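Structure file my_file_15.txt; described as compact mmCIF, C-alpha atoms and all ligand atoms.
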# COMPACT_ATOMS: atom_id res chain seq x y z
CA MET A 1 -45.72 95.41 -86.86
CA SER A 2 -48.09 98.40 -86.81
CA THR A 3 -51.79 97.67 -87.10
CA HIS A 4 -53.29 97.71 -90.57
CA ILE A 5 -55.93 100.41 -91.13
CA PRO A 6 -58.81 98.82 -93.08
CA ARG A 7 -59.23 100.31 -96.55
CA LYS A 8 -62.76 101.03 -97.63
CA ARG A 9 -61.90 101.10 -101.33
CA PHE A 10 -60.75 97.48 -101.11
CA GLY A 11 -63.89 96.42 -99.24
CA GLN A 12 -61.86 95.47 -96.18
CA ASN A 13 -63.98 94.04 -93.38
CA PHE A 14 -61.84 91.60 -91.47
CA LEU A 15 -63.40 88.55 -89.87
CA GLU A 16 -62.71 88.36 -86.15
CA ASP A 17 -65.32 86.08 -84.64
CA GLN A 18 -63.52 82.79 -83.97
CA ALA A 19 -66.74 80.74 -83.87
CA VAL A 20 -67.74 82.05 -87.31
CA ILE A 21 -64.25 81.34 -88.65
CA ASN A 22 -64.42 77.76 -87.33
CA ASP A 23 -67.86 77.28 -88.92
CA ILE A 24 -66.59 78.47 -92.30
CA ILE A 25 -63.54 76.21 -92.17
CA SER A 26 -65.71 73.21 -91.39
CA CYS A 27 -68.07 74.08 -94.29
CA ILE A 28 -65.04 74.17 -96.58
CA GLY A 29 -63.55 70.93 -95.21
CA PRO A 30 -59.99 71.47 -96.50
CA GLN A 31 -57.96 68.32 -97.32
CA ALA A 32 -54.14 68.47 -97.31
CA SER A 33 -53.68 67.96 -101.05
CA ASP A 34 -56.50 70.28 -102.23
CA ALA A 35 -55.58 72.77 -104.95
CA MET A 36 -57.13 75.71 -103.12
CA VAL A 37 -57.14 79.40 -103.95
CA GLU A 38 -58.25 82.13 -101.55
CA ILE A 39 -59.48 85.47 -102.86
CA GLY A 40 -58.65 88.42 -100.58
CA PRO A 41 -56.79 86.78 -97.67
CA GLY A 42 -56.53 90.11 -95.82
CA LEU A 43 -55.07 89.62 -92.37
CA ALA A 44 -55.32 85.82 -92.69
CA ALA A 45 -58.45 85.17 -90.63
CA LEU A 46 -59.28 82.25 -92.96
CA THR A 47 -55.79 81.83 -94.43
CA ALA A 48 -54.15 80.71 -91.18
CA PRO A 49 -56.66 77.98 -90.25
CA LEU A 50 -56.74 76.82 -93.90
CA LEU A 51 -52.95 76.58 -93.94
CA ALA A 52 -53.09 74.47 -90.79
CA LYS A 53 -54.82 71.80 -92.90
CA LEU A 54 -53.39 72.35 -96.39
CA ASP A 55 -49.98 71.55 -97.87
CA VAL A 56 -50.10 74.74 -99.97
CA LEU A 57 -52.54 77.62 -100.39
CA HIS A 58 -52.57 80.15 -103.23
CA ALA A 59 -54.06 83.58 -102.58
CA VAL A 60 -55.01 86.52 -104.81
CA GLU A 61 -54.74 89.87 -102.99
CA ILE A 62 -54.80 93.37 -104.47
CA ASP A 63 -53.49 95.37 -101.48
CA ARG A 64 -49.69 95.59 -101.53
CA ASP A 65 -49.46 96.45 -97.84
CA ILE A 66 -51.41 93.32 -96.97
CA VAL A 67 -49.20 91.25 -99.28
CA ALA A 68 -46.13 92.62 -97.48
CA ARG A 69 -47.62 91.60 -94.12
CA LEU A 70 -48.48 88.10 -95.31
CA GLN A 71 -45.07 87.45 -96.89
CA GLY A 72 -42.86 85.76 -94.38
CA ARG A 73 -45.66 85.06 -91.93
CA PHE A 74 -45.98 81.42 -93.02
CA ALA A 75 -43.34 78.74 -93.72
CA PRO A 76 -41.72 79.16 -97.14
CA GLY A 77 -43.79 77.71 -99.97
CA LYS A 78 -46.93 77.26 -97.83
CA LEU A 79 -48.69 80.47 -98.91
CA VAL A 80 -48.18 81.58 -102.52
CA ILE A 81 -49.47 85.11 -102.98
CA HIS A 82 -50.51 86.60 -106.31
CA ASN A 83 -50.55 90.39 -105.90
CA PHE A 84 -53.30 90.92 -108.43
CA ASP A 85 -56.80 92.28 -108.98
CA ALA A 86 -59.08 89.23 -108.73
CA LEU A 87 -61.37 90.81 -111.36
CA LYS A 88 -58.58 90.50 -113.90
CA PHE A 89 -56.90 87.38 -112.59
CA ASP A 90 -56.74 84.34 -114.89
CA PHE A 91 -58.05 81.61 -112.57
CA GLY A 92 -58.07 79.23 -115.54
CA ALA A 93 -54.32 79.53 -116.04
CA LEU A 94 -53.74 78.98 -112.31
CA ALA A 95 -56.02 75.92 -112.38
CA THR A 96 -54.04 74.50 -115.30
CA GLN A 97 -50.86 75.00 -113.27
CA LEU A 98 -52.11 73.68 -109.92
CA ALA A 99 -54.40 70.89 -111.09
CA PRO A 100 -53.53 69.96 -114.68
CA GLY A 101 -56.69 68.62 -116.29
CA GLY A 102 -58.45 69.06 -112.97
CA GLN A 103 -60.08 71.70 -110.85
CA ILE A 104 -59.33 74.19 -108.12
CA ARG A 105 -61.31 75.00 -104.99
CA LEU A 106 -62.05 78.69 -104.40
CA VAL A 107 -62.68 80.30 -101.03
CA GLY A 108 -62.90 83.83 -99.71
CA ASN A 109 -64.52 86.50 -97.66
CA LEU A 110 -65.01 88.57 -100.79
CA PRO A 111 -64.74 92.35 -101.13
CA TYR A 112 -68.44 93.29 -101.25
CA ASN A 113 -67.93 96.33 -103.48
CA ILE A 114 -66.99 94.08 -106.41
CA SER A 115 -68.98 90.95 -105.62
CA THR A 116 -71.28 90.95 -108.67
CA PRO A 117 -68.61 91.52 -111.36
CA LEU A 118 -66.33 89.07 -109.55
CA LEU A 119 -69.01 86.34 -109.59
CA PHE A 120 -69.55 86.90 -113.34
CA HIS A 121 -65.78 86.76 -113.88
CA LEU A 122 -65.49 83.49 -111.93
CA ALA A 123 -68.41 81.95 -113.84
CA SER A 124 -66.26 82.07 -116.98
CA PHE A 125 -63.88 79.56 -115.32
CA ALA A 126 -66.62 77.23 -114.05
CA PRO A 127 -65.31 74.07 -115.81
CA GLN A 128 -62.00 74.43 -113.95
CA ILE A 129 -63.58 74.99 -110.53
CA ALA A 130 -64.48 72.14 -108.17
CA ASP A 131 -66.38 74.34 -105.70
CA CYS A 132 -66.51 77.82 -104.15
CA HIS A 133 -67.22 78.86 -100.56
CA PHE A 134 -67.74 82.60 -100.33
CA MET A 135 -68.81 85.17 -97.77
CA LEU A 136 -71.01 87.77 -99.44
CA GLN A 137 -73.70 90.28 -98.58
CA ASN A 138 -76.77 88.27 -97.62
CA GLU A 139 -78.79 90.27 -100.14
CA VAL A 140 -76.50 89.06 -102.96
CA VAL A 141 -76.68 85.45 -101.74
CA LEU A 142 -80.49 85.67 -101.76
CA ARG A 143 -80.36 86.90 -105.37
CA MET A 144 -77.98 84.08 -106.34
CA VAL A 145 -80.26 81.32 -105.03
CA ALA A 146 -83.62 82.96 -105.87
CA GLU A 147 -86.19 81.00 -107.86
CA PRO A 148 -88.53 82.32 -110.56
CA GLY A 149 -91.43 84.34 -109.21
CA CYS A 150 -89.40 85.97 -106.41
CA ALA A 151 -88.49 89.63 -106.37
CA ASP A 152 -84.85 88.56 -105.82
CA TYR A 153 -84.78 86.54 -109.05
CA GLY A 154 -82.83 88.41 -111.72
CA ARG A 155 -79.84 88.48 -114.01
CA LEU A 156 -77.46 87.24 -111.32
CA SER A 157 -79.76 84.29 -110.47
CA VAL A 158 -80.15 83.18 -114.09
CA MET A 159 -76.52 83.52 -115.14
CA LEU A 160 -75.07 81.92 -112.01
CA GLN A 161 -77.68 79.14 -111.80
CA TYR A 162 -76.82 78.21 -115.38
CA HIS A 163 -73.24 77.48 -114.25
CA PHE A 164 -73.58 76.48 -110.60
CA HIS A 165 -75.67 74.64 -108.08
CA MET A 166 -75.78 77.08 -105.14
CA GLU A 167 -76.70 76.77 -101.51
CA LYS A 168 -76.80 79.32 -98.71
CA LEU A 169 -75.05 77.78 -95.70
CA LEU A 170 -74.82 80.31 -92.87
CA ASP A 171 -75.89 83.79 -91.81
CA VAL A 172 -73.12 86.00 -90.44
CA PRO A 173 -73.93 89.19 -88.51
CA PRO A 174 -72.01 92.48 -88.93
CA GLU A 175 -70.46 92.12 -85.44
CA ALA A 176 -68.33 89.21 -86.67
CA PHE A 177 -66.16 91.70 -88.59
CA ASN A 178 -63.87 94.61 -87.91
CA PRO A 179 -64.97 97.13 -89.02
CA PRO A 180 -68.55 95.80 -89.11
CA PRO A 181 -70.09 96.13 -92.59
CA LYS A 182 -73.40 97.99 -92.92
CA VAL A 183 -75.12 94.87 -94.26
CA ASP A 184 -75.80 91.31 -93.15
CA SER A 185 -73.57 88.61 -94.60
CA ALA A 186 -73.93 84.97 -95.53
CA ILE A 187 -71.82 82.02 -96.64
CA VAL A 188 -72.72 80.43 -99.94
CA ARG A 189 -71.48 77.19 -101.53
CA MET A 190 -71.30 77.08 -105.33
CA ILE A 191 -70.73 73.84 -107.23
CA PRO A 192 -70.32 74.02 -111.00
CA ARG A 193 -72.58 71.65 -112.92
CA PRO A 194 -73.45 71.15 -116.56
CA PHE A 195 -76.92 72.64 -116.94
CA GLU A 196 -79.66 70.23 -118.12
CA LEU A 197 -79.74 72.07 -121.44
CA ALA A 198 -76.48 73.41 -122.87
CA VAL A 199 -76.43 76.94 -124.24
CA THR A 200 -74.94 77.30 -127.71
CA ASP A 201 -73.95 80.96 -127.33
CA LEU A 202 -73.19 82.11 -123.79
CA ALA A 203 -72.70 85.76 -124.80
CA GLY A 204 -76.11 85.59 -126.47
CA LEU A 205 -77.69 84.28 -123.26
CA GLU A 206 -76.07 87.09 -121.27
CA LYS A 207 -77.38 89.71 -123.67
CA LEU A 208 -80.87 88.22 -123.71
CA VAL A 209 -81.10 88.03 -119.91
CA ALA A 210 -79.75 91.56 -119.41
CA GLN A 211 -82.33 92.89 -121.88
CA ALA A 212 -85.19 90.84 -120.40
CA PHE A 213 -84.56 92.32 -116.94
CA ALA A 214 -83.81 95.84 -118.22
CA GLN A 215 -87.16 97.06 -116.83
CA ARG A 216 -88.48 94.60 -114.30
CA ARG A 217 -92.08 95.83 -114.36
CA LYS A 218 -92.44 95.57 -118.13
CA THR A 219 -93.51 92.41 -119.94
CA LEU A 220 -91.05 90.11 -121.68
CA ARG A 221 -92.55 91.17 -125.03
CA ASN A 222 -91.74 94.81 -124.29
CA ASN A 223 -88.24 94.27 -122.94
CA LEU A 224 -87.32 91.89 -125.76
CA LYS A 225 -88.87 93.93 -128.59
CA GLY A 226 -86.70 93.65 -131.70
CA LEU A 227 -84.96 90.54 -130.35
CA VAL A 228 -87.71 87.96 -129.86
CA SER A 229 -90.76 87.87 -132.14
CA ASP A 230 -94.27 86.86 -131.06
CA ALA A 231 -93.93 83.92 -133.45
CA LEU A 232 -90.87 82.66 -131.58
CA PHE A 233 -92.57 83.08 -128.18
CA ALA A 234 -95.48 81.04 -129.57
CA GLU A 235 -93.23 78.37 -131.03
CA LEU A 236 -91.45 77.93 -127.67
CA GLU A 237 -94.73 78.17 -125.77
CA ILE A 238 -93.48 81.03 -123.61
CA ASP A 239 -96.14 83.58 -122.70
CA PRO A 240 -94.74 87.03 -123.68
CA THR A 241 -97.08 88.87 -121.30
CA GLN A 242 -95.15 87.52 -118.31
CA ARG A 243 -92.38 89.49 -116.64
CA ALA A 244 -88.72 88.49 -116.82
CA GLU A 245 -88.83 87.30 -113.20
CA ASN A 246 -91.34 84.56 -114.08
CA ILE A 247 -89.23 82.74 -116.67
CA THR A 248 -87.12 79.72 -115.69
CA VAL A 249 -83.40 79.42 -116.45
CA ARG A 250 -84.26 76.61 -118.85
CA ASP A 251 -86.64 78.85 -120.81
CA TYR A 252 -83.97 81.57 -121.05
CA VAL A 253 -81.60 78.94 -122.47
CA ARG A 254 -84.27 77.77 -124.95
CA LEU A 255 -84.84 81.36 -126.07
CA ALA A 256 -81.11 82.05 -126.41
CA ASN A 257 -80.57 78.82 -128.37
CA ALA A 258 -83.42 79.66 -130.72
CA LEU A 259 -81.81 83.05 -131.42
CA ALA A 260 -78.27 81.68 -131.85
N1 LIG B 301 -60.33 87.20 -95.83
C1 LIG B 301 -60.10 88.31 -94.91
C2 LIG B 301 -60.29 89.68 -95.57
C3 LIG B 301 -61.63 90.00 -96.14
S1 LIG B 301 -61.76 91.69 -96.64
C4 LIG B 301 -60.99 88.14 -93.68
O1 LIG B 301 -61.93 87.37 -93.73
O2 LIG B 301 -60.74 88.80 -92.67
C5 LIG B 301 -61.58 91.56 -98.41
C6 LIG B 301 -60.15 91.29 -98.87
O3 LIG B 301 -60.14 91.32 -100.32
C7 LIG B 301 -59.14 92.34 -98.43
O4 LIG B 301 -57.95 91.69 -98.07
C8 LIG B 301 -58.93 93.20 -99.69
O5 LIG B 301 -57.68 93.86 -99.73
C9 LIG B 301 -59.06 92.17 -100.78
N2 LIG B 301 -59.47 92.71 -102.08
C10 LIG B 301 -60.26 93.78 -102.33
N3 LIG B 301 -60.43 93.97 -103.64
C11 LIG B 301 -59.72 92.99 -104.26
C12 LIG B 301 -59.50 92.65 -105.63
N4 LIG B 301 -60.05 93.36 -106.62
N5 LIG B 301 -58.70 91.60 -105.91
C13 LIG B 301 -58.13 90.87 -104.89
N6 LIG B 301 -58.31 91.14 -103.59
C14 LIG B 301 -59.10 92.19 -103.27

Is it possible to give me this structure as structure tokens?
Ligand code: SAH
Amino acid sequence: MSTHIPRKRFGQNFLEDQAVINDIISCIGPQASDAMVEIGPGLAALTAPLLAKLDVLHAVEIDRDIVARLQGRFAPGKLVIHNFDALKFDFGALATQLAPGGQIRLVGNLPYNISTPLLFHLASFAPQIADCHFMLQNEVVLRMVAEPGCADYGRLSVMLQYHFHMEKLLDVPPEAFNPPPKVDSAIVRMIPRPFELAVTDLAGLEKLVAQAFAQRRKTLRNNLKGLVSDALFAELEIDPTQRAENITVRDYVRLANALA
């Protein structure tokens, strides 16, 4: 078969470093009967070693040429490919099919050009996910795990930390890929958990957080003008002269619940 020319528009940077691949597989720890779904299998750098351990692997891949290459490469029924845009894919329906009443495991060296919207999309299926192991831009991983008071702490941190416990596992340099991406990469583990305080209106929380961080250098009072009154800030004992980056996830949930 001719060699595949990596497509920039699909964020194709193929993993080639065998030591990195081995490290990722051992972080994932696949067990034969796992209901596992890979996002963006590409040329099977992770797919092949995963399939060596799993009974079956499902994969969501947008690129038809890649799908054609993967079809027939593994024993029938081992790799089930969904030729679909992961941003629109119903992971909940697949979870219901693969693990009725249970959860799926997600893995992938994600396309970096869509990583933020993809993470938000996946968060909506959190109750049906057991865990995720993803390769992402290091800069995005740092934002995911950032704590209040850091410059990296923002909308992505708050919304993902509400749904998941997250942990950065490994740094991966550009040379591990072909072609090498222009940024450093990292592996992150995400484990869904019920947050200590449940939000009554998730869409309301999303709106509040987006508005709070609209202008990072402004105070909360300014960014949330018209939405949160000084009386409400006082009642919740949240100082409105702070910036959005200084408020904990719990306080965002308290604010959203008070508005709901
Ligand atoms: N896992 C492989 C490939 C990573 S590159 C490896 O580690 O080498 C990213 C992969 O995601 C490519 O296969 C690309 O075609 C696929 N992809 C890009 N956008 C996608 C989308 N919206 N939905 C599903 N797959 C996508």

Exercise. So which residues are near ligand LIG 301 (chain B), meaning at most 8 Å away with all atoms listed in the file counted, given back as an MDAnalysis selection string?
Worked result: chainID A and resid 7 9:16 38:47 60:63 66 83:88 108:114 177

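For the pair CA of Ala99 (chain A) and CA of Val80 (chain A), the interatomic distance is 15.0 Å.
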
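Put simply, CA of Leu197 (chain A) is 21.3 Å away from CA of Pro240 (chain A).
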
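The residue that comes closest to Gln161 (chain A), out of A:Met36, A:Met135, A:Ala186, A:Ile191 and on the basis of only C-alpha atoms, is A:Ile191.
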
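Taking CA of Asp90 (chain A) as the reference point, CA of Ala35 (chain A) is found at 15.3 Å.
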
Exercise. So which residues touch Ser157 (chain A) within 12 Å, counting only C-alpha atoms, skipping near sequence neighbours fewer than 6 positions away, as a PyMOL selection string?
Worked result: chain A and resi 116+119-120+139-151+163-166+206+209-210+213+244-245+247-249+252

For this session: Go through A:Leu208, A:Ile187, A:Leu54, A:Ile24 and flag the residue nearest Gly226 (chain A), using all atoms listed in the file for the distances.
Result: A:Leu208

Problem set entry | Exercise: residues within 8 Å of coordinate (-78.8, 77.1, -124.4), counting all atoms listed in the file, as a PyMOL selection string | chain A and resi 197-202+205+250+252-257

Seminar exercise, completed: Among A:His121, A:Thr96, A:Asn178, A:Val172, Ile5 (chain A) is approached most closely, using all atoms listed in the file, by A:Asn178

Problem set entry | Expected answer as a ChimeraX atom specification: all residues with atoms within 12 Å of (-71.6, 74.7, -107.2), only C-alpha atoms | /A:105-106,122-123,126-134,144-145,160-168,188-195

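Using all atoms listed in the file, the contacts of Ala212 (chain A) at a cut-off of 9 Å, with sequence neighbours closer than 3 positions omitted, comprise Arg155, Lys207, Leu208, Val209, Gln215, Arg216, Lys218, Thr219, Leu220, Arg221, Asn222, Asn223, Leu224, Arg243, Ala244 and Glu245 of chain A.
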
Can you rebuild region 117-128 of chain A with all heavy atoms and give it as a tab-separated table (two decimals), in the frame of the given file?
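Output file out.tsv is given in full below:
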chain	number	residue	atom	x	y	z
A	117	PRO	N	-69.53	91.77	-110.23
A	117	PRO	CA	-68.61	91.52	-111.36
A	117	PRO	C	-67.64	90.36	-111.11
A	117	PRO	O	-67.30	89.64	-112.04
A	117	PRO	CB	-67.86	92.85	-111.53
A	117	PRO	CG	-68.14	93.66	-110.31
A	117	PRO	CD	-69.44	93.16	-109.75
A	118	LEU	N	-67.24	90.18	-109.85
A	118	LEU	CA	-66.33	89.07	-109.55
A	118	LEU	C	-67.01	87.72	-109.78
A	118	LEU	O	-66.42	86.80	-110.35
A	118	LEU	CB	-65.82	89.19	-108.10
A	118	LEU	CG	-64.75	88.20	-107.66
A	118	LEU	CD1	-63.53	88.23	-108.58
A	118	LEU	CD2	-64.30	88.49	-106.22
A	119	LEU	N	-68.27	87.60	-109.38
A	119	LEU	CA	-69.01	86.34	-109.59
A	119	LEU	C	-69.17	86.06	-111.09
A	119	LEU	O	-69.00	84.92	-111.53
A	119	LEU	CB	-70.38	86.40	-108.91
A	119	LEU	CG	-70.33	86.37	-107.38
A	119	LEU	CD1	-71.69	86.75	-106.79
A	119	LEU	CD2	-69.90	85.00	-106.87
A	120	PHE	N	-69.44	87.10	-111.88
A	120	PHE	CA	-69.55	86.90	-113.34
A	120	PHE	C	-68.19	86.49	-113.91
A	120	PHE	O	-68.12	85.61	-114.77
A	120	PHE	CB	-70.07	88.17	-114.03
A	120	PHE	CG	-71.57	88.32	-113.95
A	120	PHE	CD1	-72.16	89.33	-113.22
A	120	PHE	CD2	-72.39	87.42	-114.62
A	120	PHE	CE1	-73.54	89.45	-113.14
A	120	PHE	CE2	-73.78	87.53	-114.55
A	120	PHE	CZ	-74.35	88.55	-113.81
A	121	HIS	N	-67.13	87.11	-113.42
A	121	HIS	CA	-65.78	86.76	-113.88
A	121	HIS	C	-65.47	85.29	-113.56
A	121	HIS	O	-65.00	84.54	-114.41
A	121	HIS	CB	-64.76	87.70	-113.21
A	121	HIS	CG	-63.33	87.43	-113.57
A	121	HIS	ND1	-62.86	87.50	-114.87
A	121	HIS	CD2	-62.26	87.08	-112.81
A	121	HIS	CE1	-61.56	87.21	-114.89
A	121	HIS	NE2	-61.18	86.95	-113.65
A	122	LEU	N	-65.78	84.87	-112.34
A	122	LEU	CA	-65.49	83.49	-111.93
A	122	LEU	C	-66.32	82.48	-112.72
A	122	LEU	O	-65.84	81.37	-113.02
A	122	LEU	CB	-65.75	83.33	-110.43
A	122	LEU	CG	-64.81	84.14	-109.53
A	122	LEU	CD1	-65.25	84.01	-108.08
A	122	LEU	CD2	-63.36	83.68	-109.69
A	123	ALA	N	-67.54	82.88	-113.10
A	123	ALA	CA	-68.41	81.95	-113.84
A	123	ALA	C	-67.74	81.53	-115.15
A	123	ALA	O	-67.95	80.41	-115.63
A	123	ALA	CB	-69.77	82.59	-114.11
A	124	SER	N	-66.90	82.41	-115.71
A	124	SER	CA	-66.26	82.07	-116.98
A	124	SER	C	-65.22	80.95	-116.82
A	124	SER	O	-64.77	80.38	-117.79
A	124	SER	CB	-65.64	83.32	-117.62
A	124	SER	OG	-64.60	83.82	-116.82
A	125	PHE	N	-64.84	80.65	-115.58
A	125	PHE	CA	-63.88	79.56	-115.32
A	125	PHE	C	-64.55	78.33	-114.73
A	125	PHE	O	-63.87	77.41	-114.26
A	125	PHE	CB	-62.77	80.03	-114.37
A	125	PHE	CG	-62.04	81.26	-114.84
A	125	PHE	CD1	-62.25	82.50	-114.25
A	125	PHE	CD2	-61.14	81.18	-115.90
A	125	PHE	CE1	-61.59	83.64	-114.70
A	125	PHE	CE2	-60.46	82.31	-116.36
A	125	PHE	CZ	-60.69	83.54	-115.75
A	126	ALA	N	-65.88	78.29	-114.74
A	126	ALA	CA	-66.62	77.23	-114.05
A	126	ALA	C	-66.09	75.80	-114.32
A	126	ALA	O	-65.97	75.01	-113.39
A	126	ALA	CB	-68.12	77.33	-114.36
A	127	PRO	N	-65.77	75.45	-115.58
A	127	PRO	CA	-65.31	74.07	-115.81
A	127	PRO	C	-64.02	73.72	-115.06
A	127	PRO	O	-63.74	72.53	-114.86
A	127	PRO	CB	-65.06	74.02	-117.33
A	127	PRO	CG	-65.86	75.16	-117.90
A	127	PRO	CD	-65.88	76.21	-116.83
A	128	GLN	N	-63.25	74.71	-114.66
A	128	GLN	CA	-62.00	74.43	-113.95
A	128	GLN	C	-62.10	74.65	-112.44
A	128	GLN	O	-61.11	74.74	-111.74
A	128	GLN	CB	-60.87	75.29	-114.53
A	128	GLN	CG	-60.44	74.80	-115.92
A	128	GLN	CD	-59.44	75.75	-116.54
A	128	GLN	OE1	-59.81	76.80	-117.06
A	128	GLN	NE2	-58.17	75.39	-116.45
